[in-house]
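Source file: upload13.cif. Holds: mmCIF, C-alpha atoms.
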```
data_input
#
loop_
_atom_site.group_PDB
_atom_site.id
_atom_site.type_symbol
_atom_site.label_atom_id
_atom_site.label_comp_id
_atom_site.auth_asym_id
_atom_site.auth_seq_id
_atom_site.Cartn_x
_atom_site.Cartn_y
_atom_site.Cartn_z
ATOM 1 C CA MET A 1 -89.373 161.872 29.289
ATOM 2 C CA SER A 2 -88.817 164.762 26.900
ATOM 3 C CA THR A 3 -89.038 168.278 28.328
ATOM 4 C CA SER A 4 -88.752 170.018 24.956
ATOM 5 C CA GLN A 5 -92.119 169.196 23.433
ATOM 6 C CA HIS A 6 -94.036 171.728 21.360
ATOM 7 C CA ILE A 7 -97.671 170.648 21.132
ATOM 8 C CA LEU A 8 -100.083 171.757 18.432
ATOM 9 C CA LEU A 9 -103.450 171.673 20.219
ATOM 10 C CA LEU A 10 -106.356 171.565 17.782
ATOM 11 C CA GLY A 11 -109.820 172.395 19.046
ATOM 12 C CA ALA A 12 -108.151 174.330 21.840
ATOM 13 C CA HIS A 13 -111.289 176.173 22.954
ATOM 14 C CA GLY A 14 -113.153 172.948 23.683
ATOM 15 C CA LYS A 15 -113.807 172.041 27.301
ATOM 16 C CA VAL A 16 -111.394 169.100 27.373
ATOM 17 C CA ALA A 17 -108.644 171.015 25.572
ATOM 18 C CA LEU A 18 -108.967 173.939 27.990
ATOM 19 C CA LEU A 19 -108.383 171.465 30.824
ATOM 20 C CA MET A 20 -105.411 169.951 28.990
ATOM 21 C CA THR A 21 -103.714 173.310 28.447
ATOM 22 C CA PRO A 22 -102.396 173.976 31.980
ATOM 23 C CA ARG A 23 -101.412 170.318 32.376
ATOM 24 C CA ILE A 24 -99.313 170.490 29.214
ATOM 25 C CA LEU A 25 -97.652 173.772 30.189
ATOM 26 C CA ALA A 26 -96.935 172.451 33.685
ATOM 27 C CA ARG A 27 -94.638 169.841 32.138
ATOM 28 C CA GLY A 28 -92.497 172.555 30.634
ATOM 29 C CA TRP A 29 -93.889 171.889 27.161
ATOM 30 C CA SER A 30 -94.860 174.690 24.814
ATOM 31 C CA VAL A 31 -98.341 174.809 23.319
ATOM 32 C CA THR A 32 -99.746 176.419 20.215
ATOM 33 C CA SER A 33 -103.506 176.546 20.670
ATOM 34 C CA VAL A 34 -105.560 176.779 17.490
ATOM 35 C CA ILE A 35 -108.859 178.617 17.913
ATOM 36 C CA ARG A 36 -111.518 179.639 15.441
ATOM 37 C CA LYS A 37 -112.242 183.131 16.791
ATOM 38 C CA ALA A 38 -109.933 185.754 18.278
ATOM 39 C CA GLU A 39 -112.316 186.358 21.169
ATOM 40 C CA TYR A 40 -111.565 182.856 22.461
ATOM 41 C CA GLU A 41 -107.986 183.818 23.293
ATOM 42 C CA ALA A 42 -108.914 185.214 26.720
ATOM 43 C CA ASP A 43 -110.319 181.807 27.712
ATOM 44 C CA ILE A 44 -107.138 180.074 26.511
ATOM 45 C CA ARG A 45 -104.925 182.399 28.542
ATOM 46 C CA LYS A 46 -107.139 182.046 31.598
ATOM 47 C CA ALA A 47 -106.799 178.261 31.393
ATOM 48 C CA ALA A 48 -103.042 178.542 30.889
ATOM 49 C CA ALA A 49 -102.702 180.664 34.027
ATOM 50 C CA ALA A 50 -103.580 177.580 36.097
ATOM 51 C CA ALA A 51 -100.443 175.771 34.911
ATOM 52 C CA LYS A 52 -98.580 176.678 38.091
ATOM 53 C CA ASP A 53 -101.102 174.637 40.072
ATOM 54 C CA PHE A 54 -100.028 171.471 38.231
ATOM 55 C CA ALA A 55 -96.280 172.086 38.060
ATOM 56 C CA PRO A 56 -93.766 170.606 40.505
ATOM 57 C CA PRO A 57 -92.191 173.098 42.946
ATOM 58 C CA GLY A 58 -89.707 175.215 41.068
ATOM 59 C CA GLY A 59 -90.662 173.644 37.749
ATOM 60 C CA ALA A 60 -90.398 175.792 34.629
ATOM 61 C CA LEU A 61 -93.604 176.317 32.717
ATOM 62 C CA GLY A 62 -93.920 175.992 28.975
ATOM 63 C CA SER A 63 -94.840 178.890 26.710
ATOM 64 C CA LEU A 64 -98.246 179.496 25.152
ATOM 65 C CA ASN A 65 -98.919 180.627 21.598
ATOM 66 C CA VAL A 66 -102.355 181.227 20.125
ATOM 67 C CA LEU A 67 -103.113 180.793 16.430
ATOM 68 C CA ILE A 68 -106.365 181.692 14.708
ATOM 69 C CA GLY A 69 -107.425 178.919 12.352
ATOM 70 C CA ASP A 70 -110.691 177.320 11.298
ATOM 71 C CA LEU A 71 -110.706 173.526 11.193
ATOM 72 C CA GLU A 72 -113.723 173.696 8.903
ATOM 73 C CA ALA A 73 -111.391 175.180 6.289
ATOM 74 C CA VAL A 74 -108.905 172.293 6.516
ATOM 75 C CA HIS A 75 -110.053 170.024 3.695
ATOM 76 C CA SER A 76 -106.805 168.351 2.710
ATOM 77 C CA GLN A 77 -103.363 167.286 3.842
ATOM 78 C CA VAL A 78 -102.001 170.369 2.069
ATOM 79 C CA ASP A 79 -104.220 172.642 4.193
ATOM 80 C CA ALA A 80 -103.107 170.932 7.398
ATOM 81 C CA GLN A 81 -99.468 170.955 6.304
ATOM 82 C CA GLN A 82 -99.526 174.749 6.069
ATOM 83 C CA ILE A 83 -100.431 174.974 9.752
ATOM 84 C CA ILE A 84 -97.930 172.331 10.818
ATOM 85 C CA ASP A 85 -95.158 174.007 8.826
ATOM 86 C CA LYS A 86 -95.955 177.315 10.505
ATOM 87 C CA VAL A 87 -96.074 175.913 14.044
ATOM 88 C CA LYS A 88 -93.303 173.282 13.723
ATOM 89 C CA PRO A 89 -94.650 171.042 16.515
ATOM 90 C CA THR A 90 -93.132 167.867 17.895
ATOM 91 C CA GLY A 91 -96.549 166.506 18.803
ATOM 92 C CA VAL A 92 -100.184 167.061 17.836
ATOM 93 C CA ILE A 93 -103.320 166.684 19.955
ATOM 94 C CA TYR A 94 -106.660 166.734 18.130
ATOM 95 C CA SER A 95 -109.459 167.437 20.596
ATOM 96 C CA ALA A 96 -112.013 169.053 18.311
ATOM 97 C CA GLY A 97 -115.498 167.860 17.485
ATOM 98 C CA ALA A 98 -118.775 169.186 16.153
ATOM 99 C CA GLY A 99 -120.641 167.385 18.952
ATOM 100 C CA PRO A 100 -123.872 165.378 18.773
ATOM 101 C CA ALA A 101 -125.830 168.575 18.049
ATOM 102 C CA GLY A 102 -123.878 169.326 14.851
ATOM 103 C CA THR A 103 -124.855 168.701 11.245
ATOM 104 C CA ASP A 104 -123.866 165.956 8.813
ATOM 105 C CA ALA A 105 -121.542 168.356 6.997
ATOM 106 C CA ARG A 106 -119.846 169.559 10.191
ATOM 107 C CA TRP A 107 -119.430 166.004 11.543
ATOM 108 C CA HIS A 108 -117.879 164.902 8.285
ATOM 109 C CA GLN A 109 -115.480 167.841 8.356
ATOM 110 C CA VAL A 110 -114.561 168.440 11.997
ATOM 111 C CA ASP A 111 -114.755 164.850 13.266
ATOM 112 C CA GLY A 112 -113.572 163.053 10.133
ATOM 113 C CA ALA A 113 -111.867 164.972 7.333
ATOM 114 C CA ALA A 114 -109.925 167.559 9.352
ATOM 115 C CA PRO A 115 -108.359 165.114 11.822
ATOM 116 C CA CYS A 116 -107.362 162.830 8.952
ATOM 117 C CA ALA A 117 -105.751 165.767 7.141
ATOM 118 C CA PHE A 118 -103.696 166.601 10.221
ATOM 119 C CA ILE A 119 -102.821 162.943 10.808
ATOM 120 C CA ARG A 120 -101.431 162.604 7.299
ATOM 121 C CA ALA A 121 -99.603 165.930 7.440
ATOM 122 C CA SER A 122 -98.095 164.950 10.789
ATOM 123 C CA ALA A 123 -96.915 161.636 9.379
ATOM 124 C CA ALA A 124 -95.236 163.552 6.551
ATOM 125 C CA THR A 125 -93.411 165.815 9.023
ATOM 126 C CA GLU A 126 -90.278 164.342 10.593
ATOM 127 C CA SER A 127 -90.447 166.546 13.687
ATOM 128 C CA VAL A 128 -93.874 165.188 14.704
ATOM 129 C CA THR A 129 -93.289 162.069 16.790
ATOM 130 C CA THR A 130 -96.654 161.709 18.560
ATOM 131 C CA PHE A 131 -100.292 162.230 17.559
ATOM 132 C CA LEU A 132 -103.087 161.976 20.133
ATOM 133 C CA LEU A 133 -106.701 161.876 18.983
ATOM 134 C CA VAL A 134 -109.598 162.254 21.400
ATOM 135 C CA SER A 135 -112.217 159.897 19.980
ATOM 136 C CA ALA A 136 -115.124 158.020 21.596
ATOM 137 C CA ILE A 137 -115.603 154.616 23.209
ATOM 138 C CA ASN A 138 -118.329 153.589 20.751
ATOM 139 C CA SER A 139 -116.167 154.331 17.702
ATOM 140 C CA ARG A 140 -115.503 150.816 16.454
ATOM 141 C CA ARG A 141 -116.928 148.346 13.944
ATOM 142 C CA ASN A 142 -116.578 145.064 15.823
ATOM 143 C CA LYS A 143 -117.541 143.746 19.245
ATOM 144 C CA PRO A 144 -114.464 143.482 21.469
ATOM 145 C CA SER A 145 -113.987 140.314 23.503
ATOM 146 C CA TRP A 146 -114.322 142.072 26.879
ATOM 147 C CA TRP A 147 -117.834 143.384 26.188
ATOM 148 C CA SER A 148 -120.868 141.181 26.649
ATOM 149 C CA ASP A 149 -123.456 140.730 23.909
ATOM 150 C CA GLU A 150 -125.744 143.024 25.901
ATOM 151 C CA GLU A 151 -123.090 145.745 26.093
ATOM 152 C CA TRP A 152 -122.411 145.502 22.364
ATOM 153 C CA ALA A 153 -126.132 145.724 21.592
ATOM 154 C CA ALA A 154 -126.318 148.865 23.742
ATOM 155 C CA ILE A 155 -123.304 150.366 21.958
ATOM 156 C CA GLU A 156 -124.854 149.578 18.567
ATOM 157 C CA LYS A 157 -128.106 151.253 19.575
ATOM 158 C CA PHE A 158 -126.220 154.244 20.978
ATOM 159 C CA SER A 159 -124.144 154.625 17.807
ATOM 160 C CA LYS A 160 -126.808 154.001 15.194
ATOM 161 C CA VAL A 161 -130.072 155.110 16.802
ATOM 162 C CA LEU A 162 -129.474 157.508 19.680
ATOM 163 C CA LEU A 163 -126.610 159.314 17.963
ATOM 164 C CA PRO A 164 -126.835 160.634 14.392
ATOM 165 C CA PRO A 165 -125.235 157.989 12.145
ATOM 166 C CA ALA A 166 -123.039 160.592 10.413
ATOM 167 C CA TYR A 167 -121.409 161.443 13.744
ATOM 168 C CA THR A 168 -120.318 157.852 14.377
ATOM 169 C CA VAL A 169 -119.226 157.372 10.756
ATOM 170 C CA ALA A 170 -116.935 160.410 11.023
ATOM 171 C CA LYS A 171 -115.448 159.263 14.335
ATOM 172 C CA ILE A 172 -114.689 155.812 12.940
ATOM 173 C CA ALA A 173 -113.143 157.337 9.823
ATOM 174 C CA ALA A 174 -110.738 159.420 11.936
ATOM 175 C CA ASP A 175 -109.765 156.439 14.103
ATOM 176 C CA GLU A 176 -109.102 154.319 11.054
ATOM 177 C CA CYS A 177 -107.121 157.066 9.339
ATOM 178 C CA LEU A 178 -104.948 157.389 12.460
ATOM 179 C CA THR A 179 -104.365 153.657 12.736
ATOM 180 C CA ALA A 180 -103.706 153.123 9.031
ATOM 181 C CA THR A 181 -101.344 156.092 8.798
ATOM 182 C CA ALA A 182 -99.374 154.973 11.843
ATOM 183 C CA ARG A 183 -99.038 151.519 10.338
ATOM 184 C CA LYS A 184 -97.150 153.059 7.416
ATOM 185 C CA THR A 185 -95.286 155.578 9.577
ATOM 186 C CA PRO A 186 -94.018 153.636 12.607
ATOM 187 C CA ARG A 187 -91.758 156.494 13.734
ATOM 188 C CA MET A 188 -94.904 158.444 14.727
ATOM 189 C CA LYS A 189 -96.540 157.043 17.846
ATOM 190 C CA ILE A 190 -100.294 157.390 18.148
ATOM 191 C CA VAL A 191 -102.656 157.552 21.101
ATOM 192 C CA ASP A 192 -106.334 157.034 20.282
ATOM 193 C CA LEU A 193 -108.048 157.994 23.542
ATOM 194 C CA ARG A 194 -111.627 156.758 23.594
ATOM 195 C CA PRO A 195 -113.620 158.182 26.514
ATOM 196 C CA GLY A 196 -117.119 157.229 27.501
ATOM 197 C CA SER A 197 -119.891 159.829 27.553
ATOM 198 C CA TYR A 198 -118.871 163.113 29.136
ATOM 199 C CA SER A 199 -120.698 163.982 32.327
ATOM 200 C CA ASP A 200 -120.688 167.021 34.594
ATOM 201 C CA ASP A 201 -122.398 164.962 37.302
ATOM 202 C CA ILE A 202 -119.518 162.737 38.382
ATOM 203 C CA PRO A 203 -119.296 163.116 42.202
ATOM 204 C CA PRO A 204 -116.211 165.130 43.222
ATOM 205 C CA GLU A 205 -114.848 162.184 45.197
ATOM 206 C CA LYS A 206 -114.955 160.071 42.018
ATOM 207 C CA ILE A 207 -112.991 162.509 39.874
ATOM 208 C CA GLY A 208 -109.430 161.278 39.595
ATOM 209 C CA ARG A 209 -110.520 157.635 39.660
ATOM 210 C CA VAL A 210 -110.911 155.832 36.363
ATOM 211 C CA GLN A 211 -111.053 152.536 34.517
ATOM 212 C CA LEU A 212 -108.591 152.544 31.648
ATOM 213 C CA GLY A 213 -108.096 150.131 28.765
ATOM 214 C CA LYS A 214 -110.550 147.250 28.458
ATOM 215 C CA THR A 215 -113.386 149.024 30.226
ATOM 216 C CA ARG A 216 -117.119 148.718 30.621
ATOM 217 C CA ALA A 217 -119.198 149.953 27.705
ATOM 218 C CA LEU A 218 -121.413 153.064 27.742
ATOM 219 C CA SER A 219 -120.114 154.453 31.014
ATOM 220 C CA LEU A 220 -119.624 158.069 31.979
ATOM 221 C CA VAL A 221 -116.409 160.003 32.534
ATOM 222 C CA SER A 222 -115.527 163.527 33.639
ATOM 223 C CA ARG A 223 -113.770 165.905 31.279
ATOM 224 C CA VAL A 224 -111.181 166.529 33.989
ATOM 225 C CA ASP A 225 -110.204 162.870 33.908
ATOM 226 C CA VAL A 226 -110.112 162.813 30.110
ATOM 227 C CA ALA A 227 -107.735 165.788 30.093
ATOM 228 C CA GLU A 228 -105.525 164.334 32.825
ATOM 229 C CA VAL A 229 -105.307 160.899 31.218
ATOM 230 C CA ALA A 230 -104.687 162.377 27.760
ATOM 231 C CA VAL A 231 -101.669 164.374 28.879
ATOM 232 C CA ARG A 232 -100.276 161.487 30.936
ATOM 233 C CA LEU A 233 -100.604 159.079 28.002
ATOM 234 C CA PHE A 234 -99.007 161.593 25.657
ATOM 235 C CA GLU A 235 -96.130 161.806 28.115
ATOM 236 C CA LYS A 236 -95.825 158.010 28.294
ATOM 237 C CA ALA A 237 -95.604 157.904 24.504
ATOM 238 C CA GLN A 238 -92.348 159.872 24.774
ATOM 239 C CA GLY A 239 -90.842 156.843 26.493
ATOM 240 C CA SER A 240 -90.972 153.146 25.700
ATOM 241 C CA TRP A 241 -94.770 152.788 25.527
ATOM 242 C CA LYS A 242 -95.857 151.911 22.001
ATOM 243 C CA GLY A 243 -99.175 153.821 22.189
ATOM 244 C CA GLY A 244 -102.426 152.591 20.629
ATOM 245 C CA TRP A 245 -106.147 152.638 21.347
ATOM 246 C CA VAL A 246 -107.166 153.241 24.970
ATOM 247 C CA ASP A 247 -110.725 153.295 26.333
ATOM 248 C CA LEU A 248 -111.525 155.431 29.380
ATOM 249 C CA VAL A 249 -114.459 155.631 31.800
ATOM 250 C CA SER A 250 -114.943 156.640 35.397
ATOM 251 C CA GLY A 251 -113.844 153.913 37.794
ATOM 252 C CA GLU A 252 -112.021 153.069 41.002
ATOM 253 C CA ASP A 253 -108.317 153.290 40.105
ATOM 254 C CA PRO A 254 -106.397 156.520 40.725
ATOM 255 C CA VAL A 255 -105.371 158.018 37.389
ATOM 256 C CA ASP A 256 -101.641 157.589 37.964
ATOM 257 C CA SER A 257 -101.887 153.895 38.822
ATOM 258 C CA ALA A 258 -104.419 153.235 36.034
ATOM 259 C CA VAL A 259 -102.076 154.770 33.468
ATOM 260 C CA GLU A 260 -99.072 152.853 34.795
ATOM 261 C CA LYS A 261 -100.998 149.579 34.792
ATOM 262 C CA TRP A 262 -102.254 150.045 31.234
ATOM 263 C CA VAL A 263 -98.885 151.070 29.852
ATOM 264 C CA LYS A 264 -97.164 148.093 31.490
ATOM 265 C CA SER A 265 -99.816 145.695 30.161
ATOM 266 C CA GLY A 266 -98.753 146.264 26.551
ATOM 267 C CA GLU A 267 -102.376 145.817 25.499
ATOM 268 C CA ASP A 268 -104.364 147.791 22.948
ATOM 269 C CA THR A 269 -108.144 148.155 22.716
ATOM 270 C CA ILE A 270 -107.932 147.986 18.931
ATOM 271 C CA GLU A 271 -108.110 144.230 19.555
ATOM 272 C CA GLY A 272 -110.873 142.725 17.428
ATOM 273 C CA GLU A 273 -110.788 145.407 14.738
ATOM 274 C CA ASP A 274 -109.762 144.686 11.146
ATOM 275 C CA VAL A 275 -106.579 146.726 10.727
ATOM 276 C CA ASP A 276 -106.021 145.498 7.164
ATOM 277 C CA GLY A 277 -109.517 146.684 6.320
ATOM 278 C CA MET A 278 -108.801 150.042 7.967
ATOM 279 C CA THR A 279 -105.725 150.467 5.819
ATOM 280 C CA ALA A 280 -107.704 149.726 2.678
ATOM 281 C CA ARG A 281 -110.563 152.041 3.614
ATOM 282 C CA ALA A 282 -108.241 154.894 4.592
ATOM 283 C CA ALA A 283 -106.452 154.489 1.241
ATOM 284 C CA VAL A 284 -103.107 155.244 2.847
#
```
For this file, write the structure as structure tokens.
Amino acid sequence: MSTSQHILLLGAHGKVALLMTPRILARGWSVTSVIRKAEYEADIRKAAAAAKDFAPPGGALGSLNVLIGDLEAVHSQVDAQQIIDKVKPTGVIYSAGAGPAGTDARWHQVDGAAPCAFIRASAATESVTTFLLVSAINSRRNKPSWWSDEEWAAIEKFSKVLLPPAYTVAKIAADECLTATARKTPRMKIVDLRPGSYSDDIPPEKIGRVQLGKTRALSLVSRVDVAEVAVRLFEKAQGSWKGGWVDLVSGEDPVDSAVEKWVKSGEDTIEGEDVDGMTARAAV
């Protein structure tokens, strides 16, 4: 595994990204955290201070940089390229989102257009070898074989009735942009992490235990587990694992064994989706 990573962390003030930060630094990787407001920097540095709790004894910690930048102002690949050229990362993690309480315009921008701009700029940058996108388990067009008809009906209702349609449309657009871009740029590995609904009510004894890969539909997951799995999968992508789509919910398997099992399986939860159609829609 590489120990010389420099991660561009987008949406760094979000709850999941704050939990990722010390886990990234604990691996000896550097991080440039992009935040919208200068006053968020104290929270970033507070999160980073916990890195020593995740590092092996005697392990060197990575360095933290903070960059002020507004993802709502990133409208094109050119805009994203300016940030990537300034940071010079080896990997990018996009963990930003307007959230279900946003607006159509903000969902389109923060959940759809901005991630796609960074995906395309990353693919155009030789130094970027890995892109991880934090998406959502319901972000897909077709019923996968491991979900029952009842589960798919529940996902459809969740995506099209309970959630604002524009939110789901933006999430799907980002997933498809990532997949289509990677298809044309095989040197850049992708990880499309697709957690279930975030919950702060997961019992403490259940945190650290997950179901990964071909999971149940519409299940809950803790942000701690999303952060832990994200960083572990990013690390696996530095080795022989090919990457791909990965669903994640709370479960019974310890995180380390769940990640190992999924990586060894060689499977991908993109199964059932129309990748040719994605490529056409993303116009890559």
Would you write out, as a ChimeraX atom specification, every residue that the PyMOL selection byres ((chain A and resi 217) around 8) captures in this file?
/A:137-138,147,151-152,155,196,215-216,218-219
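Interatomic distance, CA of Leu64 in chain A against CA of Ile44 in chain A: 9.0 Å.
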The PyMOL selection byres ((chain A and resi 98) around 7) - which residues does that actually catch in the file I just gave you? List them as a ChimeraX atom specification.
/A:97,99-100,102,106-107,110-111
I need the residues from that last selection saved to file as a PDB file, in the coordinates of the input (with C-alpha atoms), if you can.
```
ATOM      1  CA  GLY A  97    -115.498 167.860  17.485  1.00  0.00           C
ATOM      2  CA  GLY A  99    -120.641 167.385  18.952  1.00  0.00           C
ATOM      3  CA  PRO A 100    -123.872 165.378  18.773  1.00  0.00           C
ATOM      4  CA  GLY A 102    -123.878 169.326  14.851  1.00  0.00           C
ATOM      5  CA  ARG A 106    -119.846 169.559  10.191  1.00  0.00           C
ATOM      6  CA  TRP A 107    -119.430 166.004  11.543  1.00  0.00           C
ATOM      7  CA  VAL A 110    -114.561 168.440  11.997  1.00  0.00           C
ATOM      8  CA  ASP A 111    -114.755 164.850  13.266  1.00  0.00           C
TER       9      ASP A 111
END
```
Hits of the PyMOL selection byres ((chain A and resi 79-81) around 12) in this structure, as a PyMOL selection string:
chain A and resi 8+10+34+69-78+82-89+92+113-125+128
A:Arg36, A:Arg23, A:Lys143, A:His108 ranked by distance to Glu235 in chain A, top pick (using only C-alpha atoms)
A:Arg23
When you draw a straight line from CA of Lys37 in chain A to CA of Arg223 in chain A, how long is it in Å?
22.6 Å
Distance in Å - CA of Gln238 in chain A versus CA of Ala12 in chain A
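CA of Ala12 in chain A lies at a distance of 21.6 Å from CA of Gln238 in chain A.
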Within 9 Å of Asp253 in chain A using all atoms listed in the file, minus same-chain residues under 5 positions, as a list of chain:residue names:
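Counting all atoms listed in the file, the residues come to A:Gly208, A:Arg209, A:Val210, A:Gln211, A:Leu212, A:Ala258.
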Rank A:Lys15, A:Lys157, A:His6, A:Arg27 by their smallest atom-to-atom distance to Val231 in chain A, using all atoms listed in the file, and report the top residue only.
A:Arg27
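Comparing the minimum interatomic distances between Leu233 in chain A and each of A:Gly59, A:Pro204, A:Gly251, A:Gly213, counting only C-alpha atoms, we find that A:Gly213 sits nearest.
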How about completing range 202-210 of chain A with all heavy atoms and giving it to me as a short mmCIF file (atom, residue, chain, number, x, y, z; two decimals), in the coordinates of the input?
```cif
data_model
loop_
_atom_site.label_atom_id
_atom_site.label_comp_id
_atom_site.auth_asym_id
_atom_site.auth_seq_id
_atom_site.Cartn_x
_atom_site.Cartn_y
_atom_site.Cartn_z
N ILE A 202 -120.36 163.67 37.64
CA ILE A 202 -119.52 162.74 38.38
C ILE A 202 -119.27 163.31 39.77
O ILE A 202 -118.84 164.47 39.89
CB ILE A 202 -118.17 162.51 37.66
CG1 ILE A 202 -118.40 162.02 36.22
CG2 ILE A 202 -117.29 161.54 38.44
CD1 ILE A 202 -118.99 160.66 36.09
N PRO A 203 -119.54 162.58 40.85
CA PRO A 203 -119.30 163.12 42.20
C PRO A 203 -117.84 163.54 42.37
O PRO A 203 -116.93 162.88 41.84
CB PRO A 203 -119.64 161.94 43.11
CG PRO A 203 -120.55 161.07 42.30
CD PRO A 203 -120.09 161.22 40.89
N PRO A 204 -117.59 164.63 43.06
CA PRO A 204 -116.21 165.13 43.22
C PRO A 204 -115.25 164.07 43.73
O PRO A 204 -114.09 164.02 43.32
CB PRO A 204 -116.37 166.28 44.22
CG PRO A 204 -117.77 166.75 44.04
CD PRO A 204 -118.57 165.53 43.71
N GLU A 205 -115.74 163.21 44.63
CA GLU A 205 -114.85 162.18 45.20
C GLU A 205 -114.50 161.10 44.18
O GLU A 205 -113.56 160.32 44.38
CB GLU A 205 -115.48 161.55 46.43
CG GLU A 205 -116.75 160.75 46.20
CD GLU A 205 -118.03 161.58 46.24
OE1 GLU A 205 -117.93 162.84 46.19
OE2 GLU A 205 -119.12 160.97 46.32
N LYS A 206 -115.24 161.06 43.06
CA LYS A 206 -114.96 160.07 42.02
C LYS A 206 -114.02 160.61 40.93
O LYS A 206 -113.47 159.84 40.14
CB LYS A 206 -116.27 159.62 41.37
CG LYS A 206 -117.13 158.74 42.26
CD LYS A 206 -116.51 157.35 42.43
CE LYS A 206 -117.44 156.41 43.16
NZ LYS A 206 -116.82 155.07 43.33
N ILE A 207 -113.89 161.93 40.86
CA ILE A 207 -112.99 162.51 39.87
C ILE A 207 -111.55 162.19 40.27
O ILE A 207 -111.16 162.32 41.43
CB ILE A 207 -113.22 164.02 39.75
CG1 ILE A 207 -114.61 164.29 39.16
CG2 ILE A 207 -112.14 164.67 38.88
CD1 ILE A 207 -114.99 165.74 39.07
N GLY A 208 -110.78 161.74 39.30
CA GLY A 208 -109.43 161.28 39.60
C GLY A 208 -109.34 159.78 39.74
O GLY A 208 -108.26 159.23 39.95
N ARG A 209 -110.49 159.10 39.60
CA ARG A 209 -110.52 157.64 39.66
C ARG A 209 -111.17 157.12 38.38
O ARG A 209 -112.27 157.54 38.03
CB ARG A 209 -111.27 157.14 40.89
CG ARG A 209 -110.54 157.49 42.18
CD ARG A 209 -111.19 156.89 43.40
NE ARG A 209 -110.35 157.08 44.58
CZ ARG A 209 -109.36 156.29 44.95
NH1 ARG A 209 -109.10 155.20 44.25
NH2 ARG A 209 -108.63 156.55 46.02
N VAL A 210 -110.48 156.23 37.70
CA VAL A 210 -110.91 155.83 36.36
C VAL A 210 -110.76 154.33 36.16
O VAL A 210 -110.13 153.63 36.95
CB VAL A 210 -110.08 156.57 35.29
CG1 VAL A 210 -110.24 158.07 35.40
CG2 VAL A 210 -108.60 156.17 35.35
#
```
